[in-house]
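K.L.:
Below you'll find query.cif; it's mmCIF, C-alpha atoms (C1' of nucleotides).
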```cif
data_protein
loop_
_atom_site.label_atom_id
_atom_site.label_comp_id
_atom_site.auth_asym_id
_atom_site.auth_seq_id
_atom_site.Cartn_x
_atom_site.Cartn_y
_atom_site.Cartn_z
CA MET A 571 19.18 31.19 -1.39
CA THR A 572 15.71 29.80 -1.84
CA THR A 573 15.43 27.86 1.39
CA GLU A 574 12.17 26.16 0.64
CA PRO A 575 9.77 26.26 3.52
CA THR A 576 9.26 22.79 4.86
CA ILE A 577 7.83 21.26 7.94
CA GLY A 578 9.95 20.14 10.83
CA LEU A 579 12.47 17.52 9.93
CA SER A 580 11.87 17.67 6.23
CA SER A 581 14.22 20.63 5.94
CA ASN A 582 17.17 18.33 5.36
CA LEU A 583 15.39 15.86 3.15
CA GLY A 584 15.80 17.42 -0.26
CA ARG A 585 19.27 18.74 0.23
CA ASN A 586 22.29 17.00 -1.27
CA ASP A 587 25.15 16.66 1.12
CA THR A 588 27.42 14.52 -1.09
CA GLN A 589 27.59 11.90 1.68
CA THR A 590 26.38 8.41 0.74
CA PHE A 591 25.68 5.22 2.66
CA SER A 592 25.40 1.51 2.03
CA ILE A 593 22.43 -0.46 3.22
CA GLY A 594 24.59 -2.04 5.88
CA GLN A 595 25.70 1.29 7.26
CA LEU A 596 22.16 2.51 7.63
CA ALA A 597 21.09 -0.82 9.09
CA ASP A 598 23.83 -0.56 11.70
CA GLU A 599 23.18 3.05 12.48
CA PHE A 600 19.45 2.66 12.97
CA GLU A 601 19.60 -0.85 14.34
CA VAL A 602 17.28 -2.40 11.81
CA THR A 603 17.90 -5.26 9.40
CA HIS A 604 18.67 -5.00 5.70
CA ARG A 605 15.37 -6.68 5.13
CA THR A 606 13.55 -3.90 6.89
CA ILE A 607 15.17 -1.22 4.78
CA ARG A 608 14.45 -3.11 1.57
CA PHE A 609 10.93 -3.62 2.76
CA TYR A 610 10.46 0.11 3.07
CA GLU A 611 11.73 0.43 -0.46
CA ASP A 612 9.24 -2.18 -1.67
CA GLU A 613 6.57 -0.16 0.05
CA GLY A 614 7.65 2.94 -1.81
CA LEU A 615 8.99 4.78 1.20
CA LEU A 616 12.55 4.88 -0.08
CA SER A 617 14.09 4.88 -3.53
CA PRO A 618 17.84 4.98 -3.26
CA ALA A 619 20.14 5.36 -6.23
CA ARG A 620 21.99 2.35 -7.60
CA ARG A 621 25.48 1.64 -8.66
CA GLY A 622 24.91 -1.44 -10.74
CA THR A 623 22.52 -3.36 -8.56
CA THR A 624 23.86 -2.02 -5.28
CA ARG A 625 21.81 0.52 -3.41
CA ILE A 626 23.40 3.87 -2.69
CA TYR A 627 21.66 5.93 -0.05
CA SER A 628 21.99 9.69 -0.05
CA ASN A 629 21.83 11.91 2.98
CA GLY A 630 18.25 12.62 2.07
CA ASP A 631 17.46 8.92 2.00
CA ARG A 632 18.96 8.64 5.43
CA GLY A 633 16.72 11.44 6.62
CA ARG A 634 13.69 9.72 5.16
CA LEU A 635 14.60 6.53 6.94
CA ALA A 636 14.90 8.45 10.19
CA LEU A 637 11.43 9.86 9.60
CA ILE A 638 10.03 6.45 8.82
CA LEU A 639 11.37 5.00 12.02
CA ARG A 640 10.15 7.91 14.04
CA GLY A 641 6.75 7.50 12.50
CA LYS A 642 6.83 3.90 13.60
CA ARG A 643 7.77 4.85 17.12
CA LEU A 644 4.87 7.27 17.12
CA GLY A 645 2.60 4.39 16.31
CA PHE A 646 1.77 5.08 12.68
CA SER A 647 1.35 2.32 10.13
CA ILE A 648 3.44 2.02 7.01
CA SER A 649 0.69 3.36 4.81
CA GLU A 650 0.14 6.32 7.09
CA ILE A 651 3.85 7.00 7.05
CA ARG A 652 3.82 6.75 3.29
CA GLU A 653 1.17 9.43 3.09
CA PHE A 654 3.08 11.60 5.52
CA LEU A 655 6.24 11.28 3.51
CA ASP A 656 4.32 12.19 0.41
CA LEU A 657 3.13 15.27 2.21
CA TYR A 658 6.67 16.15 3.11
CA THR A 659 7.89 15.50 -0.39
CA VAL A 660 5.18 16.70 -2.67
CA ASP A 661 4.96 20.46 -2.61
CA GLU A 662 3.82 21.58 0.76
CA THR A 663 1.45 24.27 -0.31
CA GLN A 664 -1.35 21.71 -0.66
CA THR A 665 -3.32 23.03 2.23
CA GLN A 666 -5.97 20.46 1.66
CA GLN A 667 -3.60 17.56 2.21
CA MET A 668 -2.09 19.39 5.13
CA ASN A 669 -5.43 19.25 6.86
CA TYR A 670 -5.57 15.52 6.37
CA PHE A 671 -2.17 15.26 7.96
CA ALA A 672 -3.30 17.35 10.89
CA ASP A 673 -6.30 15.10 11.30
CA ARG A 674 -4.23 11.96 11.48
CA VAL A 675 -1.96 13.47 14.07
CA ASN A 676 -5.01 14.51 16.00
CA ASP A 677 -6.45 11.02 15.86
CA ARG A 678 -3.25 9.70 17.22
CA LEU A 679 -3.24 12.21 20.05
CA LEU A 680 -6.73 11.21 21.06
CA MET A 681 -5.66 7.60 21.15
CA LEU A 682 -2.67 8.48 23.27
CA ASP A 683 -4.82 10.35 25.73
CA GLN A 684 -7.09 7.35 25.99
CA GLN A 685 -4.08 5.17 26.60
CA MET A 686 -2.88 7.49 29.32
CA GLU A 687 -6.22 7.18 31.05
CA ASP A 688 -6.09 3.42 30.82
CA LEU A 689 -2.58 3.33 32.15
CA LYS A 690 -3.46 5.43 35.14
CA GLN A 691 -6.38 3.25 36.04
CA THR A 692 -4.47 0.03 35.53
CA ARG A 693 -1.63 1.34 37.60
CA GLN A 694 -3.91 2.19 40.43
CA GLU A 695 -5.48 -1.22 40.43
CA LEU A 696 -2.13 -2.94 40.42
CA VAL A 697 -0.93 -0.87 43.34
CA GLN A 698 -4.02 -1.93 45.25
CA ILE A 699 -3.28 -5.54 44.48
CA GLN A 700 0.25 -5.00 45.63
CA ASP A 701 -0.92 -3.59 48.92
CA GLN A 702 -3.19 -6.54 49.48
CA ILE A 703 -0.33 -8.90 48.85
CA LYS A 704 1.87 -7.04 51.25
CA ALA A 705 -0.83 -7.19 53.87
CA HIS A 706 -1.30 -10.86 53.26
CA LEU A 707 2.39 -11.61 53.53
CA ALA A 708 2.71 -9.56 56.70
CA LYS A 709 -0.18 -11.43 58.27
CA SER A 710 1.17 -14.90 57.50
CA ASP A 711 4.56 -13.68 58.67
CA ARG A 712 3.24 -13.20 62.16
CA SER A 713 1.60 -16.61 62.25
CA PRO A 714 3.79 -19.27 60.64
CA MET B 108 -20.16 -18.39 54.50
CA THR B 109 -16.77 -19.17 53.03
CA THR B 110 -16.16 -16.00 51.13
CA GLU B 111 -13.08 -17.12 49.26
CA PRO B 112 -10.27 -14.66 49.55
CA THR B 113 -9.47 -13.18 46.20
CA ILE B 114 -7.26 -10.39 45.05
CA GLY B 115 -8.09 -6.98 43.76
CA LEU B 116 -10.62 -6.82 41.00
CA SER B 117 -11.17 -10.49 41.19
CA SER B 118 -13.41 -9.72 44.11
CA ASN B 119 -16.09 -8.73 41.70
CA LEU B 120 -14.93 -11.01 38.94
CA GLY B 121 -15.88 -14.26 40.58
CA ARG B 122 -18.92 -12.97 42.39
CA ASN B 123 -22.37 -13.67 41.09
CA ASP B 124 -24.37 -10.55 40.74
CA THR B 125 -27.29 -12.42 39.20
CA GLN B 126 -27.05 -10.18 36.12
CA THR B 127 -26.28 -12.01 32.90
CA PHE B 128 -25.62 -10.95 29.35
CA SER B 129 -25.83 -12.40 25.87
CA ILE B 130 -22.93 -12.16 23.51
CA GLY B 131 -24.82 -9.58 21.51
CA GLN B 132 -25.37 -7.37 24.50
CA LEU B 133 -21.71 -7.33 25.37
CA ALA B 134 -20.77 -6.82 21.75
CA ASP B 135 -23.04 -3.81 21.59
CA GLU B 136 -21.91 -2.38 24.89
CA PHE B 137 -18.20 -2.62 24.14
CA GLU B 138 -18.51 -2.03 20.44
CA VAL B 139 -16.80 -5.18 19.32
CA THR B 140 -18.07 -8.00 17.13
CA HIS B 141 -19.35 -11.38 18.27
CA ARG B 142 -16.37 -12.83 16.55
CA THR B 143 -14.02 -10.85 18.71
CA ILE B 144 -15.63 -12.04 21.92
CA ARG B 145 -15.58 -15.64 20.77
CA PHE B 146 -12.00 -15.20 19.75
CA TYR B 147 -11.10 -14.20 23.29
CA GLU B 148 -12.83 -17.31 24.49
CA ASP B 149 -10.84 -19.46 22.08
CA GLU B 150 -7.74 -17.83 23.49
CA GLY B 151 -8.81 -18.77 26.99
CA LEU B 152 -9.47 -15.26 28.19
CA LEU B 153 -13.15 -15.86 28.79
CA SER B 154 -15.19 -18.91 29.69
CA PRO B 155 -18.81 -18.01 29.96
CA ALA B 156 -21.47 -20.41 31.12
CA ARG B 157 -23.76 -22.07 28.61
CA ARG B 158 -27.43 -22.72 28.37
CA GLY B 159 -27.45 -25.42 25.77
CA THR B 160 -24.98 -24.05 23.27
CA THR B 161 -25.73 -20.42 23.96
CA ARG B 162 -23.20 -18.42 25.89
CA ILE B 163 -24.32 -16.77 29.09
CA TYR B 164 -22.01 -14.07 30.38
CA SER B 165 -21.95 -13.21 34.06
CA ASN B 166 -21.11 -9.87 35.54
CA GLY B 167 -17.64 -11.19 36.18
CA ASP B 168 -17.25 -12.15 32.55
CA ARG B 169 -18.23 -8.66 31.62
CA GLY B 170 -15.56 -7.29 33.92
CA ARG B 171 -12.99 -9.56 32.36
CA LEU B 172 -13.96 -8.38 28.91
CA ALA B 173 -13.55 -4.80 30.04
CA LEU B 174 -10.07 -5.63 31.29
CA ILE B 175 -9.18 -7.39 28.07
CA LEU B 176 -10.18 -4.41 25.99
CA ARG B 177 -8.31 -2.04 28.19
CA GLY B 178 -5.26 -4.21 27.85
CA LYS B 179 -5.64 -3.97 24.11
CA ARG B 180 -5.88 -0.23 24.19
CA LEU B 181 -2.68 -0.25 26.19
CA GLY B 182 -1.01 -2.15 23.40
CA PHE B 183 -0.62 -5.48 25.13
CA SER B 184 -0.83 -8.66 23.11
CA ILE B 185 -3.40 -11.32 23.79
CA SER B 186 -0.90 -13.52 25.57
CA GLU B 187 0.26 -10.65 27.71
CA ILE B 188 -3.32 -9.92 28.56
CA ARG B 189 -3.78 -13.55 29.46
CA GLU B 190 -0.97 -13.32 31.99
CA PHE B 191 -2.39 -10.11 33.22
CA LEU B 192 -5.79 -11.66 33.80
CA ASP B 193 -4.15 -14.48 35.65
CA LEU B 194 -2.72 -11.92 38.02
CA TYR B 195 -6.20 -10.65 38.74
CA THR B 196 -7.65 -14.10 39.03
CA VAL B 197 -5.21 -16.15 41.05
CA ASP B 198 -6.49 -16.98 44.51
CA GLU B 199 -4.07 -16.24 47.25
CA THR B 200 -4.12 -19.34 49.38
CA GLN B 201 -0.55 -20.28 48.57
CA THR B 202 1.60 -17.84 50.47
CA GLN B 203 4.68 -19.36 48.99
CA GLN B 204 3.77 -18.33 45.48
CA MET B 205 2.76 -14.92 46.71
CA ASN B 206 6.25 -13.55 46.53
CA TYR B 207 6.60 -14.53 42.92
CA PHE B 208 3.24 -13.00 42.31
CA ALA B 209 4.29 -9.77 43.96
CA ASP B 210 7.34 -9.67 41.75
CA ARG B 211 5.27 -10.07 38.63
CA VAL B 212 2.99 -7.24 39.64
CA ASN B 213 6.00 -5.13 40.33
CA ASP B 214 7.48 -5.92 36.94
CA ARG B 215 4.25 -4.86 35.40
CA LEU B 216 4.21 -1.61 37.28
CA LEU B 217 7.71 -0.80 36.13
CA MET B 218 6.70 -1.52 32.59
CA LEU B 219 3.66 0.68 32.91
CA ASP B 220 5.74 3.54 34.26
CA GLN B 221 8.11 3.14 31.35
CA GLN B 222 5.22 3.14 28.96
CA MET B 223 3.88 6.28 30.56
CA GLU B 224 7.17 7.99 29.92
CA ASP B 225 7.18 6.90 26.31
CA LEU B 226 3.65 8.06 25.80
CA LYS B 227 4.37 11.42 27.30
CA GLN B 228 7.30 11.94 25.01
CA THR B 229 5.39 10.74 21.99
CA ARG B 230 2.56 13.03 22.88
CA GLN B 231 4.86 15.97 23.15
CA GLU B 232 6.41 15.29 19.78
CA LEU B 233 3.01 14.99 18.19
CA VAL B 234 1.83 18.22 19.74
CA GLN B 235 4.88 19.95 18.35
CA ILE B 236 4.18 18.57 14.93
CA GLN B 237 0.63 19.74 15.30
CA ASP B 238 1.76 23.23 16.20
CA GLN B 239 3.99 23.37 13.17
CA ILE B 240 1.15 22.33 10.97
CA LYS B 241 -1.10 24.95 12.47
CA ALA B 242 1.52 27.60 11.96
CA HIS B 243 2.00 26.50 8.40
CA LEU B 244 -1.70 26.56 7.69
CA ALA B 245 -2.10 29.95 9.29
CA LYS B 246 0.71 31.34 7.17
CA SER B 247 -0.66 30.03 3.89
CA ASP B 248 -4.02 31.38 5.00
CA ARG B 249 -2.71 34.90 5.00
CA SER B 250 -1.07 34.54 1.60
CA PRO B 251 -3.35 32.63 -0.76
"C1'" DC C 1288 44.51 -14.75 -6.59
"C1'" DG C 1289 41.37 -16.60 -3.67
"C1'" DA C 1290 38.42 -16.55 0.30
"C1'" DA C 1291 35.37 -14.01 3.08
"C1'" DA C 1292 32.27 -10.25 3.51
"C1'" DA C 1293 28.63 -7.65 1.77
"C1'" DC C 1294 25.49 -7.14 -1.43
"C1'" DT C 1295 21.58 -8.85 -4.54
"C1'" DT C 1296 16.80 -11.16 -5.92
"C1'" DT C 1297 13.09 -14.42 -5.31
"C1'" DA C 1298 9.90 -16.23 -2.58
"C1'" DC C 1299 7.79 -18.89 1.01
"C1'" DG C 1300 6.82 -18.38 6.23
"C1'" DT C 1301 4.91 -16.25 10.43
"C1'" DA C 1302 2.30 -14.17 14.34
"C1'" DA C 1303 -1.55 -11.46 15.73
"C1'" DA C 1304 -6.25 -10.43 15.64
"C1'" DC C 1305 -9.72 -10.90 13.93
"C1'" DG C 1306 -13.06 -10.87 9.05
"C1'" DT C 1307 -16.03 -13.41 6.49
"C1'" DA C 1308 -18.68 -16.72 4.51
"C1'" DA C 1309 -21.26 -21.15 4.81
"C1'" DG C 1310 -24.41 -23.85 6.90
"C1'" DG C 1311 -27.32 -25.09 10.83
"C1'" DC C 1312 -30.24 -24.79 15.30
"C1'" DG C 1313 -33.91 -23.00 18.30
"C1'" DC C 1314 -37.34 -19.67 19.53
"C1'" DG C 1315 -40.85 -16.02 19.60
"C1'" DG C 1316 -44.24 -13.86 16.78
"C1'" DT C 1317 -48.01 -13.80 13.01
"C1'" DA D 661 -46.47 -23.58 9.59
"C1'" DC D 662 -43.29 -20.33 8.45
"C1'" DC D 663 -40.30 -16.20 8.91
"C1'" DG D 664 -36.71 -13.79 10.78
"C1'" DC D 665 -33.53 -13.16 14.39
"C1'" DG D 666 -29.97 -14.24 17.21
"C1'" DC D 667 -27.14 -17.59 18.26
"C1'" DC D 668 -23.90 -21.53 17.11
"C1'" DT D 669 -19.62 -24.05 14.80
"C1'" DT D 670 -16.19 -24.80 11.31
"C1'" DA D 671 -12.83 -23.09 8.69
"C1'" DC D 672 -10.48 -20.62 5.18
"C1'" DG D 673 -8.95 -15.62 4.23
"C1'" DT D 674 -6.64 -11.11 5.34
"C1'" DT D 675 -3.46 -7.59 6.86
"C1'" DT D 676 0.93 -5.87 8.82
"C1'" DA D 677 5.71 -5.90 9.11
"C1'" DC D 678 8.85 -8.03 8.53
"C1'" DG D 679 11.88 -13.15 9.23
"C1'" DT D 680 14.25 -16.54 6.91
"C1'" DA D 681 16.29 -19.41 3.77
"C1'" DA D 682 18.30 -20.19 -0.87
"C1'" DA D 683 21.19 -19.13 -4.29
"C1'" DG D 684 23.66 -16.02 -6.92
"C1'" DT D 685 26.99 -11.75 -7.74
"C1'" DT D 686 30.24 -8.29 -6.46
"C1'" DT D 687 33.51 -6.13 -3.56
"C1'" DT D 688 37.22 -6.12 -0.43
"C1'" DC D 689 41.13 -7.74 2.10
"C1'" DG D 690 45.29 -10.51 3.07
#
```
Now, as a test, write the supplied structure out as structure tokens.
P.N.:
Amino acid sequence: MTTEPTIGLSSNLGRNDTQTFSIGQLADEFEVTHRTIRFYEDEGLLSPARRGTTRIYSNGDRGRLALILRGKRLGFSISEIREFLDLYTVDETQTQQMNYFADRVNDRLLMLDQQMEDLKQTRQELVQIQDQIKAHLAKSDRSP
Amino acid sequence: MTTEPTIGLSSNLGRNDTQTFSIGQLADEFEVTHRTIRFYEDEGLLSPARRGTTRIYSNGDRGRLALILRGKRLGFSISEIREFLDLYTVDETQTQQMNYFADRVNDRLLMLDQQMEDLKQTRQELVQIQDQIKAHLAKSDRSP
DNA sequence: CGAAAACTTTACGTAAACGTAAGGCGCGGT
DNA sequence: ACCGCGCCTTACGTTTACGTAAAGTTTTCG
């Protein structure tokens, strides 16, 4: 049982689970449009099998799509996600590429920390504004 | 001395602090291009004074630019930022509209809190990914 | 069997946020 | 007088991530 070592979610990406899906099923499940899924294929993020011209998505394809969408939620661009998927897919012993991956994640974390800072400050300012409004309303309440 | 009542940050946004800036100075300070600053003006986010055709930015303008860029870092669109700036800018002489204003600020705060939550979760996921990468790298370090 | 549903390709459209010339003006220094 | 620098406007170009027809084929259901 050569359970290939993989990173995180990729563990169920290469496996064949006999289950297949249509584009519509995946679109429904993940709440995206057909167009979106085909777009990811155009971009080389997915390459489902075909029966005639119709796309047949394997369980692995479904997993890839899940990863793509998660990448999006995490704020990565399509081309970044493409590179990540390549890292997941291409043999994972390429330490050199792994470092690149780590760097991108790190970049993203720095950005998120910056965003957190900004949010805190903005929040504080808005609360102050709110207080001033309350004060103002209270004042003009007493003297109509 | 009719110090017009203003709200929150606008107190130092409308004030004249005698200090002025050229577009290049602001571009340098905030590390954006001239084009970017002019773009914000086209979008109605800034309206600096002019000497002839040359733009003269006041201290208030500088503050607005800072707010704009923070909004961007927070992932708001230009039009959202425009609304946001309006919140800072509006003068509070119409008590009637104040309630609406308060509601808007409140909306914004709720959104910010939601965004905070999302960021925290995203951050956590990324840190986990990072840990897995580190572990992976450490392992392949010991067995070259 | 025939209509509707689900799939396909091709391809132009769009919104956001600037980038990037191209061409011109005014000013301080040499 | 001339150079370069910083500023100006106008305006077309670019990228991202799809949206949106249009028009055809294939599958499925009553």
K.L.:
Per residue of chain A within 8 Å of chain D, which atom pair is closest and at what distance in Å (one decimal), using only C-alpha atoms (C1' of nucleotides), listed by chain and increasing number, as CSV?
P.N.:
```
residue,atom,partner,partner_atom,distance
A:Arg605,CA,D:DC678,C1',7.5
A:Thr606,CA,D:DC678,C1',6.5
A:Phe609,CA,D:DC678,C1',7.6
```
K.L.:
Save the residues we just selected, C-alpha atoms, as a compact mmCIF listing (two decimals), keeping the file's coordinate frame?
P.N.:
```txt
# COMPACT_ATOMS: atom_id res chain seq x y z
CA ARG A 605 15.37 -6.68 5.13
CA THR A 606 13.55 -3.90 6.89
CA PHE A 609 10.93 -3.62 2.76
```
K.L.:
Extract, using all atoms listed in the file, all DNA, RNA and protein residues at most 12 Å from Val675 in chain A, discarding same-chain residues fewer than 5 positions from it, and format them as a ChimeraX atom specification.
P.N.:
/A:641,644-646,650-651,654,668-670,680-682 /B:229-241
K.L.:
Can you list, as a PyMOL selection string, every protein, DNA or RNA residue that comes within 12 Å of Arg620 in chain A when you count only C-alpha atoms (C1' of nucleotides), leaving out same-chain residues fewer than 3 positions away?
P.N.:
(chain A and resi 590-593+617+623-628) or (chain C and resi 1294-1295)
K.L.:
Residues of chain C within 12 Å of chain B, using only C-alpha atoms (C1' of nucleotides), as a short mmCIF file (atom, residue, chain, number, x, y, z; two decimals) with C-alpha atoms (C1' of nucleotides), in the frame of the given file?
P.N.:
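So the final result, stored in result.cif, reads:
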```cif
data_model
loop_
_atom_site.label_atom_id
_atom_site.label_comp_id
_atom_site.auth_asym_id
_atom_site.auth_seq_id
_atom_site.Cartn_x
_atom_site.Cartn_y
_atom_site.Cartn_z
"C1'" DA C 1302 2.30 -14.17 14.34
"C1'" DA C 1303 -1.55 -11.46 15.73
"C1'" DA C 1304 -6.25 -10.43 15.64
"C1'" DC C 1305 -9.72 -10.90 13.93
"C1'" DG C 1306 -13.06 -10.87 9.05
"C1'" DT C 1307 -16.03 -13.41 6.49
"C1'" DC C 1312 -30.24 -24.79 15.30
"C1'" DG C 1313 -33.91 -23.00 18.30
#
```
K.L.:
What does the distance between CA of Ser649 in chain A and CA of Ala134 in chain B come to in Å, to one decimal place?
P.N.:
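Between CA of Ser649 in chain A and CA of Ala134 in chain B the gap is 29.2 Å.
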K.L.:
Any chance you could work out the residue set of the PyMOL selection byres ((chain A and resi 634) around 9) here, as a list in words?
P.N.:
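Those residues are Ser580, Leu583, Leu615, Leu616, Asn629, Gly630, Asp631, Arg632, Gly633, Leu635, Ala636, Leu637, Ile638, Leu639 and Leu655 of chain A.
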K.L.:
Considering only C-alpha atoms, can you say which of B:Arg211, B:Arg145, B:Arg189, B:Arg158 comes closest to chain A?
P.N.:
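The answer is B:Arg211, which sits nearest to chain A.
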K.L.:
Have a look at CA of Arg678 in chain A and CA of Lys179 in chain B and let me know their distance in Å, one decimal.
P.N.:
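Result for CA of Arg678 in chain A versus CA of Lys179 in chain B: 15.5 Å, one decimal.
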K.L.:
Quick one: of A:Leu679, A:Gln691, A:Ala708, A:Ala619, who's nearest to chain B, counting only C-alpha atoms?
P.N.:
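Once distances to chain B are computed over only C-alpha atoms, the minimum belongs to A:Leu679.
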K.L.:
Would you work out the distance separating CA of Leu226 in chain B from CA of Arg643 in chain A, expressed in Å to one decimal?
P.N.:
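Separation between CA of Leu226 in chain B and CA of Arg643 in chain A: 10.1 Å.
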K.L.:
Kindly list the centre and edge lengths in Å, rounded to one decimal, for the axis-aligned box that covers all listed atoms of range 220-229 of chain B plus 6 Å on each of its six sides, as AutoDock Vina command-line options.
P.N.:
```
--center_x 5.9 --center_y 7.5 --center_z 28.1 --size_x 16.5 --size_y 20.8 --size_z 24.3
```
